[in-house]
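Below is one structure, written out as structure tokens, with a few remarks after it.
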Amino acid sequence: MSEREYTVAILGATGAVGTRLIQQLEQSTIPVKSLKLLASSRSAGQTRQFRGSDIVIEEAQPESFEGVDLVLSSAGGSVSARLLPEAVKRGAVAVDNTSFWRMNDNVPLVVPEVNEQALYQHNGIVANPNCSTIQMVVALEPIRQNFGLKQVVVSTYQAASGAGQSAWNELLNQAQQHLNGETETAEILPTKGDKKHYPLAFNLLPQIDVFEDEGYTHEEYKMIHETKKIMLGDKNAPDMKVTATAVRVPVPVGHGETVYFEVTDKDGASTKRIQQALSDAPGVVLEDDPDHQIYPQPINAEGKRDTFVGRVRPDLENDGNYHMWVVSDNLLKGAAWNAVQIAERLVALDLVRVPAGSAELFAD
């Protein structure tokens with residue numbers, strides 16, 4: 001019996017994440033029969049290479065998904081909202097990188113190292129979590145499994161590319177302007193959706209996305225609710241307290257996070273045992289040798305699929321509380337690789353099929 005092959009579509013194929021989706025799919029274990037590259041009308045007619053062949057980019061339309069088995073999507077929330085139900089209607093299973101579907105009760109939010117079992121409940125759409133959430137839960141899950149988790153306090157140091165290719169370009173332009181003694185121009189950050197814009201080069205911006213209730217940004221709320229949905233199956237689960245502060249930093253690629261956590265098994269946990277649990281965990285690389293100044297850095301994580309953890313140490317004032325430093329490539333594990341990894345698991349588990357009645361769940 002021959003192995004099943006899959007027709008795959010990449011929606012948003014020309015963006016920073018879309019480009020990496022092509023690369024990660026090329027390196028994946030998925031048997032690709034054919035590939036469609038979909039984008040806006042502005043990009044239609046351009047070509048991209050996949051496994052030695054030139055593929056012409058098509059304008060994304062509902063009809064584009066006819067005959068498609070798998071969709072990898074990173075084209076913005078409004079596009080995902082409009083087109084992914086059309087893909088499901090036509091029998092395709094979609095893995096979406098935008099925030100639009102993440103909190104939908106009918107859509108599993110998945111990091112394969114943490115909650116692969118949630119894939120069995122998919123209804124045609126699987127959501128890829130926020131980049132900063134993904135790397136944090138990859139690092140936290142082995143700790144939760146071994147010692148329990150009572151609370152998590154995270155501060156992020158997020159790269160410019162997390163806001164898209166245009167924000168990355170703006171950072172580089174601002175850096176050159178600064179070095180030239182010119183006034184930095186800012187049109188994108190901290191977020192396109194707010195009234196003011198500030199330069200990121202040689203600066204820090206304690207705002208990612210728009211502000212919401214109680215002075216939290218949307219990014220901070222995403223980390224809180226996504227972490228709970230992934231790890232506990234309920235975005236409002238009271239069993240684990242999570243809070244966040246999200247900061248944009250002048251780094252092109254690679255998010256850093258200081259993660260402060262309290263375990264429930266205070267007697268069983270220790271720095272060495274936590275380090276061992278991290279070292280044994282899938283997708284985690286422990287880089288933790290203070291005597292030789294070894295710790296994760298974004299510049300070293302760029303281009304790698306793993307999540308890097310170091311600076312594991314106890315809170316000397318509060319028993320059962322610990323710190324760690326977590327770094328990952330936000331465009332790979334934080335986006336493209338996690339999406340392709342989800343698709344790999346869907347293939348391996350024979351879940352590339354749309355359950356009956358699923359299309360109605362996403363109808364207008």
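So you can find residues: chains in the structure tokens are A, B, ... in the order shown, residues in each start at 1, and ligands are numbered from 1 in order.
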Exercise. How would you write, as JSON, numbers by chain, the set of residues in region 4-148 of chain A that DSSP gives as helix (DSSP H, G or I)?
Worked result: {"A": [16, 17, 18, 19, 20, 21, 22, 23, 24, 25, 26, 62, 63, 64, 65, 77, 78, 79, 80, 81, 82, 83, 84, 85, 86, 87, 88, 89, 112, 113, 114, 115, 116, 117, 118, 119, 120, 121, 131, 132, 133, 134, 135, 136, 137, 138, 139, 140, 141, 142, 143, 144, 145, 146, 147]}
Please dump the current selection as a compact mmCIF listing (two decimals), in the first residue's frame; keep C-alpha atoms.
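That gives us result.txt:
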# COMPACT_ATOMS: atom_id res chain seq x y z
CA ALA A 16 8.41 36.74 6.82
CA VAL A 17 6.60 33.72 8.27
CA GLY A 18 5.27 32.53 4.90
CA THR A 19 8.79 32.40 3.48
CA ARG A 20 9.86 30.26 6.41
CA LEU A 21 6.78 28.05 6.07
CA ILE A 22 8.02 27.13 2.60
CA GLN A 23 11.50 26.36 3.97
CA GLN A 24 10.22 24.34 6.93
CA LEU A 25 7.78 22.39 4.75
CA GLU A 26 10.66 21.62 2.38
CA PRO A 62 -12.12 30.53 -1.89
CA GLU A 63 -11.75 28.38 -5.00
CA SER A 64 -7.98 28.14 -4.39
CA PHE A 65 -8.61 25.39 -1.81
CA GLY A 77 -6.41 37.63 10.99
CA SER A 78 -8.98 39.12 8.61
CA VAL A 79 -7.78 36.88 5.76
CA SER A 80 -7.86 33.80 8.01
CA ALA A 81 -11.35 34.70 9.20
CA ARG A 82 -12.60 34.97 5.62
CA LEU A 83 -10.76 32.17 3.84
CA LEU A 84 -10.13 29.33 6.30
CA PRO A 85 -13.84 28.44 6.63
CA GLU A 86 -13.83 28.23 2.84
CA ALA A 87 -10.88 25.83 3.00
CA VAL A 88 -12.65 23.66 5.61
CA LYS A 89 -15.82 23.68 3.50
CA PRO A 112 3.12 19.56 19.90
CA GLU A 113 5.56 19.10 22.79
CA VAL A 114 2.85 20.18 25.25
CA ASN A 115 -0.66 19.19 24.12
CA GLU A 116 -0.52 17.10 20.96
CA GLN A 117 -3.58 15.17 22.17
CA ALA A 118 -5.72 18.26 21.48
CA LEU A 119 -5.31 17.57 17.75
CA TYR A 120 -7.81 14.72 18.07
CA GLN A 121 -10.52 17.33 18.75
CA CYS A 131 5.20 33.23 19.42
CA SER A 132 6.02 34.32 22.97
CA THR A 133 3.55 31.82 24.43
CA ILE A 134 4.95 28.90 22.44
CA GLN A 135 8.50 29.08 23.74
CA MET A 136 7.35 29.68 27.31
CA VAL A 137 5.04 26.64 27.45
CA VAL A 138 7.69 24.41 25.84
CA ALA A 139 9.97 25.33 28.76
CA LEU A 140 7.27 25.21 31.43
CA GLU A 141 5.60 21.91 30.52
CA PRO A 142 8.41 19.60 31.76
CA ILE A 143 8.43 21.58 35.01
CA ARG A 144 4.65 21.29 35.35
CA GLN A 145 4.77 17.55 34.61
CA ASN A 146 7.45 16.90 37.23
CA PHE A 147 6.78 19.43 39.97
Exercise. Hey, what's within 6 Å of region 315-323 of chain A if we count only C-alpha atoms and toss same-chain stuff fewer than 4 positions away? As a VMD selection string, please?
Worked result: chain A and resid 259 to 263 266
Problem set entry | Within 10 Å of Asn97 (chain A) using only C-alpha atoms, minus same-chain residues under 2 positions, as JSON, numbers by chain | {"A": [17, 18, 72, 73, 74, 75, 76, 77, 80, 94, 95, 99, 100, 101, 102, 126, 127, 128, 129, 130, 131, 334, 335, 336, 338, 339]}
Produce a file of the selected residues containing N, CA and C atoms, as a PDB file, in the first residue's frame.
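New file part-v2.pdb:
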ATOM      1  N   VAL A  17       6.940  35.061   7.810  1.00  0.00           N
ATOM      2  CA  VAL A  17       6.599  33.717   8.268  1.00  0.00           C
ATOM      3  C   VAL A  17       6.302  32.811   7.079  1.00  0.00           C
ATOM      4  N   GLY A  18       5.595  33.330   6.077  1.00  0.00           N
ATOM      5  CA  GLY A  18       5.272  32.532   4.903  1.00  0.00           C
ATOM      6  C   GLY A  18       6.506  31.992   4.198  1.00  0.00           C
ATOM      7  N   LEU A  72      -1.419  25.779   5.386  1.00  0.00           N
ATOM      8  CA  LEU A  72      -0.585  26.457   6.377  1.00  0.00           C
ATOM      9  C   LEU A  72      -0.780  27.944   6.154  1.00  0.00           C
ATOM     10  N   SER A  73      -1.333  28.630   7.154  1.00  0.00           N
ATOM     11  CA  SER A  73      -1.799  30.001   6.943  1.00  0.00           C
ATOM     12  C   SER A  73      -1.057  31.009   7.818  1.00  0.00           C
ATOM     13  N   SER A  74      -0.613  32.083   7.189  1.00  0.00           N
ATOM     14  CA  SER A  74      -0.026  33.199   7.935  1.00  0.00           C
ATOM     15  C   SER A  74      -0.219  34.485   7.139  1.00  0.00           C
ATOM     16  N   ALA A  75      -1.494  34.848   6.970  1.00  0.00           N
ATOM     17  CA  ALA A  75      -1.816  35.973   6.084  1.00  0.00           C
ATOM     18  C   ALA A  75      -2.575  37.091   6.787  1.00  0.00           C
ATOM     19  N   GLY A  76      -2.593  37.082   8.118  1.00  0.00           N
ATOM     20  CA  GLY A  76      -3.337  38.107   8.847  1.00  0.00           C
ATOM     21  C   GLY A  76      -4.703  37.607   9.272  1.00  0.00           C
ATOM     22  N   GLY A  77      -5.176  38.121  10.395  1.00  0.00           N
ATOM     23  CA  GLY A  77      -6.414  37.633  10.994  1.00  0.00           C
ATOM     24  C   GLY A  77      -7.638  37.778  10.114  1.00  0.00           C
ATOM     25  N   SER A  80      -7.560  35.103   7.431  1.00  0.00           N
ATOM     26  CA  SER A  80      -7.861  33.797   8.007  1.00  0.00           C
ATOM     27  C   SER A  80      -9.344  33.662   8.334  1.00  0.00           C
ATOM     28  N   ALA A  94      -6.721  23.181   8.143  1.00  0.00           N
ATOM     29  CA  ALA A  94      -5.884  24.385   8.166  1.00  0.00           C
ATOM     30  C   ALA A  94      -5.174  24.543   9.501  1.00  0.00           C
ATOM     31  N   VAL A  95      -3.897  24.919   9.437  1.00  0.00           N
ATOM     32  CA  VAL A  95      -3.117  25.303  10.613  1.00  0.00           C
ATOM     33  C   VAL A  95      -2.857  26.797  10.484  1.00  0.00           C
ATOM     34  N   SER A  99      -3.937  35.296  15.188  1.00  0.00           N
ATOM     35  CA  SER A  99      -4.590  35.234  16.502  1.00  0.00           C
ATOM     36  C   SER A  99      -6.099  35.020  16.393  1.00  0.00           C
ATOM     37  N   PHE A 100      -6.643  35.032  15.164  1.00  0.00           N
ATOM     38  CA  PHE A 100      -8.097  35.087  15.021  1.00  0.00           C
ATOM     39  C   PHE A 100      -8.808  33.893  15.644  1.00  0.00           C
ATOM     40  N   TRP A 101      -8.295  32.673  15.463  1.00  0.00           N
ATOM     41  CA  TRP A 101      -9.008  31.465  15.885  1.00  0.00           C
ATOM     42  C   TRP A 101      -8.560  30.931  17.245  1.00  0.00           C
ATOM     43  N   ARG A 102      -7.561  31.537  17.847  1.00  0.00           N
ATOM     44  CA  ARG A 102      -6.933  30.914  19.027  1.00  0.00           C
ATOM     45  C   ARG A 102      -7.870  30.707  20.207  1.00  0.00           C
ATOM     46  N   VAL A 126      -6.724  24.232  13.176  1.00  0.00           N
ATOM     47  CA  VAL A 126      -5.868  24.159  14.358  1.00  0.00           C
ATOM     48  C   VAL A 126      -5.140  25.495  14.452  1.00  0.00           C
ATOM     49  N   ALA A 127      -5.139  26.095  15.633  1.00  0.00           N
ATOM     50  CA  ALA A 127      -4.491  27.392  15.806  1.00  0.00           C
ATOM     51  C   ALA A 127      -3.069  27.230  16.322  1.00  0.00           C
ATOM     52  N   ASN A 128      -2.184  28.028  15.758  1.00  0.00           N
ATOM     53  CA  ASN A 128      -0.800  28.129  16.217  1.00  0.00           C
ATOM     54  C   ASN A 128      -0.754  29.246  17.261  1.00  0.00           C
ATOM     55  N   PRO A 129      -0.223  29.011  18.458  1.00  0.00           N
ATOM     56  CA  PRO A 129      -0.244  30.056  19.482  1.00  0.00           C
ATOM     57  C   PRO A 129       0.655  31.247  19.157  1.00  0.00           C
ATOM     58  N   ASN A 130       0.546  32.254  19.989  1.00  0.00           N
ATOM     59  CA  ASN A 130       1.424  33.417  19.919  1.00  0.00           C
ATOM     60  C   ASN A 130       2.877  32.977  20.101  1.00  0.00           C
ATOM     61  N   CYS A 131       3.792  33.636  19.394  1.00  0.00           N
ATOM     62  CA  CYS A 131       5.205  33.233  19.420  1.00  0.00           C
ATOM     63  C   CYS A 131       5.782  33.237  20.833  1.00  0.00           C
ATOM     64  N   GLY A 334       8.412  29.867  17.045  1.00  0.00           N
ATOM     65  CA  GLY A 334       7.313  30.767  17.377  1.00  0.00           C
ATOM     66  C   GLY A 334       6.268  30.907  16.298  1.00  0.00           C
ATOM     67  N   ALA A 335       6.510  30.333  15.125  1.00  0.00           N
ATOM     68  CA  ALA A 335       5.547  30.494  14.030  1.00  0.00           C
ATOM     69  C   ALA A 335       5.655  29.349  13.029  1.00  0.00           C
ATOM     70  N   ALA A 336       6.574  29.472  12.054  1.00  0.00           N
ATOM     71  CA  ALA A 336       6.599  28.560  10.908  1.00  0.00           C
ATOM     72  C   ALA A 336       6.860  27.113  11.299  1.00  0.00           C
ATOM     73  N   ASN A 338       6.526  25.609  14.280  1.00  0.00           N
ATOM     74  CA  ASN A 338       5.457  25.030  15.091  1.00  0.00           C
ATOM     75  C   ASN A 338       4.264  24.654  14.213  1.00  0.00           C
ATOM     76  N   ALA A 339       3.965  25.483  13.205  1.00  0.00           N
ATOM     77  CA  ALA A 339       2.857  25.179  12.306  1.00  0.00           C
ATOM     78  C   ALA A 339       3.136  23.928  11.490  1.00  0.00           C
TER      79      ALA A 339
END
For this session: Find, counting only C-alpha atoms, the residue in A:Glu187, A:Pro206, A:Gln177, A:Val32 that gets nearest to Glu3 (chain A).
Result: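 Ranking A:Glu187, A:Pro206, A:Gln177, A:Val32 by distance to Glu3 (chain A), first place goes to A:Val32.
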For this session: Please identify all polymer residues within 9 Å of region 39-48 of chain A, counting only C-alpha atoms, omitting same-chain residues fewer than 5 positions from it, and present them as a PyMOL selection string.
Result: chain A and resi 10-15+19+22+53-60+75
For this session: For CA of Pro296 (chain A) and CA of Val110 (chain A), quote the distance in Å rounded to one decimal.
Result: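 Between CA of Pro296 (chain A) and CA of Val110 (chain A) the gap works out to 24.4 Å.
Surrounding region 305-308 of chain A within 7 Å are Gln135, Gly283, Val284, Val285, Leu286, Glu287, Pro296, Val326, Val327, Ser328, Leu332, Lys333 and Trp337 of chain A, with only C-alpha atoms counted and residues fewer than 4 positions along the same chain left out.
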Write a file of the just-selected residues containing all heavy atoms, as a tab-separated table (two decimals), in the first residue's frame.
chain	number	residue	atom	x	y	z
A	135	GLN	N	7.21	29.43	23.13
A	135	GLN	CA	8.50	29.08	23.74
A	135	GLN	C	8.38	28.96	25.25
A	135	GLN	O	9.06	28.13	25.86
A	135	GLN	CB	9.57	30.10	23.35
A	135	GLN	CG	9.39	31.51	23.89
A	135	GLN	CD	10.43	32.46	23.32
A	135	GLN	OE1	10.45	32.72	22.13
A	135	GLN	NE2	11.28	33.01	24.19
A	283	GLY	N	12.36	19.28	22.38
A	283	GLY	CA	12.34	20.66	21.89
A	283	GLY	C	13.09	21.67	22.73
A	283	GLY	O	13.15	22.85	22.38
A	284	VAL	N	13.68	21.23	23.85
A	284	VAL	CA	14.38	22.13	24.77
A	284	VAL	C	15.88	21.84	24.70
A	284	VAL	O	16.30	20.69	24.71
A	284	VAL	CB	13.89	21.95	26.22
A	284	VAL	CG1	14.73	22.80	27.19
A	284	VAL	CG2	12.42	22.33	26.33
A	285	VAL	N	16.68	22.91	24.66
A	285	VAL	CA	18.12	22.80	24.79
A	285	VAL	C	18.52	23.60	26.03
A	285	VAL	O	18.25	24.80	26.12
A	285	VAL	CB	18.86	23.34	23.56
A	285	VAL	CG1	20.37	23.33	23.79
A	285	VAL	CG2	18.52	22.50	22.33
A	286	LEU	N	19.14	22.91	27.00
A	286	LEU	CA	19.58	23.58	28.22
A	286	LEU	C	20.96	24.17	28.00
A	286	LEU	O	21.91	23.46	27.64
A	286	LEU	CB	19.62	22.59	29.39
A	286	LEU	CG	19.95	23.18	30.76
A	286	LEU	CD1	18.81	24.07	31.25
A	286	LEU	CD2	20.25	22.08	31.78
A	287	GLU	N	21.07	25.48	28.13
A	287	GLU	CA	22.35	26.20	28.05
A	287	GLU	C	22.51	26.96	29.36
A	287	GLU	O	22.08	28.10	29.47
A	287	GLU	CB	22.37	27.16	26.86
A	287	GLU	CG	22.33	26.48	25.51
A	287	GLU	CD	22.42	27.45	24.35
A	287	GLU	OE1	22.05	28.63	24.52
A	287	GLU	OE2	22.85	27.03	23.26
A	296	PRO	N	21.39	31.24	27.00
A	296	PRO	CA	20.79	31.48	25.68
A	296	PRO	C	20.86	32.94	25.25
A	296	PRO	O	20.73	33.86	26.08
A	296	PRO	CB	19.33	31.05	25.88
A	296	PRO	CG	19.37	30.11	27.04
A	296	PRO	CD	20.43	30.66	27.95
A	326	VAL	N	14.47	32.17	28.85
A	326	VAL	CA	14.02	31.36	27.72
A	326	VAL	C	14.17	32.15	26.42
A	326	VAL	O	13.72	33.30	26.34
A	326	VAL	CB	12.55	30.93	27.90
A	326	VAL	CG1	12.09	30.05	26.75
A	326	VAL	CG2	12.35	30.21	29.24
A	327	VAL	N	14.78	31.54	25.41
A	327	VAL	CA	15.01	32.20	24.12
A	327	VAL	C	14.64	31.25	22.99
A	327	VAL	O	14.91	30.04	23.05
A	327	VAL	CB	16.49	32.63	23.97
A	327	VAL	CG1	16.79	33.11	22.55
A	327	VAL	CG2	16.84	33.70	24.99
A	328	SER	N	14.02	31.79	21.94
A	328	SER	CA	13.72	30.99	20.76
A	328	SER	C	13.58	31.90	19.55
A	328	SER	O	13.33	33.11	19.68
A	328	SER	CB	12.44	30.18	20.97
A	328	SER	OG	12.31	29.17	20.00
A	332	LEU	N	10.50	30.81	13.73
A	332	LEU	CA	10.55	29.37	13.49
A	332	LEU	C	9.70	28.64	14.54
A	332	LEU	O	8.55	28.33	14.29
A	332	LEU	CB	11.99	28.86	13.47
A	332	LEU	CG	12.80	29.26	12.22
A	332	LEU	CD1	14.16	28.58	12.23
A	332	LEU	CD2	12.05	28.93	10.94
A	333	LYS	N	10.26	28.36	15.71
A	333	LYS	CA	9.43	27.69	16.72
A	333	LYS	C	8.24	28.56	17.09
A	333	LYS	O	7.14	28.06	17.37
A	333	LYS	CB	10.26	27.36	17.97
A	333	LYS	CG	9.46	26.59	19.03
A	333	LYS	CD	8.81	25.32	18.46
A	333	LYS	CE	7.95	24.60	19.48
A	333	LYS	NZ	7.12	23.54	18.88
A	337	TRP	N	7.88	26.87	12.14
A	337	TRP	CA	8.19	25.49	12.48
A	337	TRP	C	7.08	24.88	13.33
A	337	TRP	O	6.69	23.73	13.11
A	337	TRP	CB	9.54	25.38	13.19
A	337	TRP	CG	9.74	24.05	13.87
A	337	TRP	CD1	10.07	23.82	15.18
A	337	TRP	CD2	9.61	22.73	13.28
A	337	TRP	NE1	10.13	22.47	15.44
A	337	TRP	CE2	9.86	21.78	14.30
A	337	TRP	CE3	9.29	22.28	12.01
A	337	TRP	CZ2	9.80	20.40	14.07
A	337	TRP	CZ3	9.22	20.89	11.78
A	337	TRP	CH2	9.48	19.98	12.81
For this session: Quick one: everything within 10 Å of Pro238 (chain A), counting only C-alpha atoms, minus sequence neighbours fewer than 6 positions away in the same chain. Send it as a VMD selection string.
Result: chain A and resid 150 228 232
From the DSSP assignment of the backbone, select every residue of region 120-209 of chain A that is strand (DSSP E), and format the answer as a compact mmCIF listing (two decimals) with C-alpha atoms, in the first residue's frame.
# COMPACT_ATOMS: atom_id res chain seq x y z
CA ILE A 125 -8.81 24.36 11.94
CA VAL A 126 -5.87 24.16 14.36
CA ALA A 127 -4.49 27.39 15.81
CA GLN A 151 1.91 30.53 39.22
CA VAL A 152 3.92 32.05 36.36
CA VAL A 153 5.16 35.62 35.98
CA VAL A 154 6.78 36.40 32.63
CA SER A 155 8.49 39.48 31.21
CA THR A 156 9.22 39.30 27.50
CA TYR A 157 11.96 40.86 25.38
CA GLN A 158 10.42 40.49 21.92
Please, which residues in region 241-345 of chain A fall within 10 Å of region 349-355 of chain A when counting only C-alpha atoms, and what is the closest atom pair and distance in Å to one decimal for each, ordered by chain then residue number, as JSON lines?
{"residue": "A:Ala343", "atom": "CA", "partner": "A:Val352", "partner_atom": "CA", "distance": 8.4}
{"residue": "A:Glu344", "atom": "CA", "partner": "A:Leu349", "partner_atom": "CA", "distance": 8.6}
{"residue": "A:Arg345", "atom": "CA", "partner": "A:Leu349", "partner_atom": "CA", "distance": 5.9}
Next, dump the selected residues to file, keeping only N, CA, C and O atoms, as a short mmCIF file (atom, residue, chain, number, x, y, z; two decimals), in the first residue's frame.
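again_15.cif written:
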data_model
loop_
_atom_site.label_atom_id
_atom_site.label_comp_id
_atom_site.auth_asym_id
_atom_site.auth_seq_id
_atom_site.Cartn_x
_atom_site.Cartn_y
_atom_site.Cartn_z
N ALA A 343 1.40 20.18 11.49
CA ALA A 343 1.00 19.46 10.27
C ALA A 343 1.65 18.08 10.20
O ALA A 343 0.99 17.10 9.80
N GLU A 344 2.91 17.97 10.60
CA GLU A 344 3.57 16.66 10.64
C GLU A 344 2.83 15.70 11.57
O GLU A 344 2.65 14.53 11.25
N ARG A 345 2.41 16.20 12.72
CA ARG A 345 1.71 15.34 13.67
C ARG A 345 0.32 14.97 13.15
O ARG A 345 -0.15 13.86 13.37
#
Problem set entry | Near-Pro250 (chain A) list (8 Å; only C-alpha atoms; drop same-chain fewer than 5 positions) as a VMD selection string | chain A and resid 159 to 160 171 200 to 204
Exercise. Hey, which of A:Leu179, A:Val251, A:Val312, A:Ala359 ends up closest to Ala163 (chain A)? Count only C-alpha atoms.
Worked result: A:Val251
Seminar exercise, completed: Separating CA of Gly91 (chain A) from CA of Thr7 (chain A), to the nearest tenth of an Å, is a gap of 11.5 Å
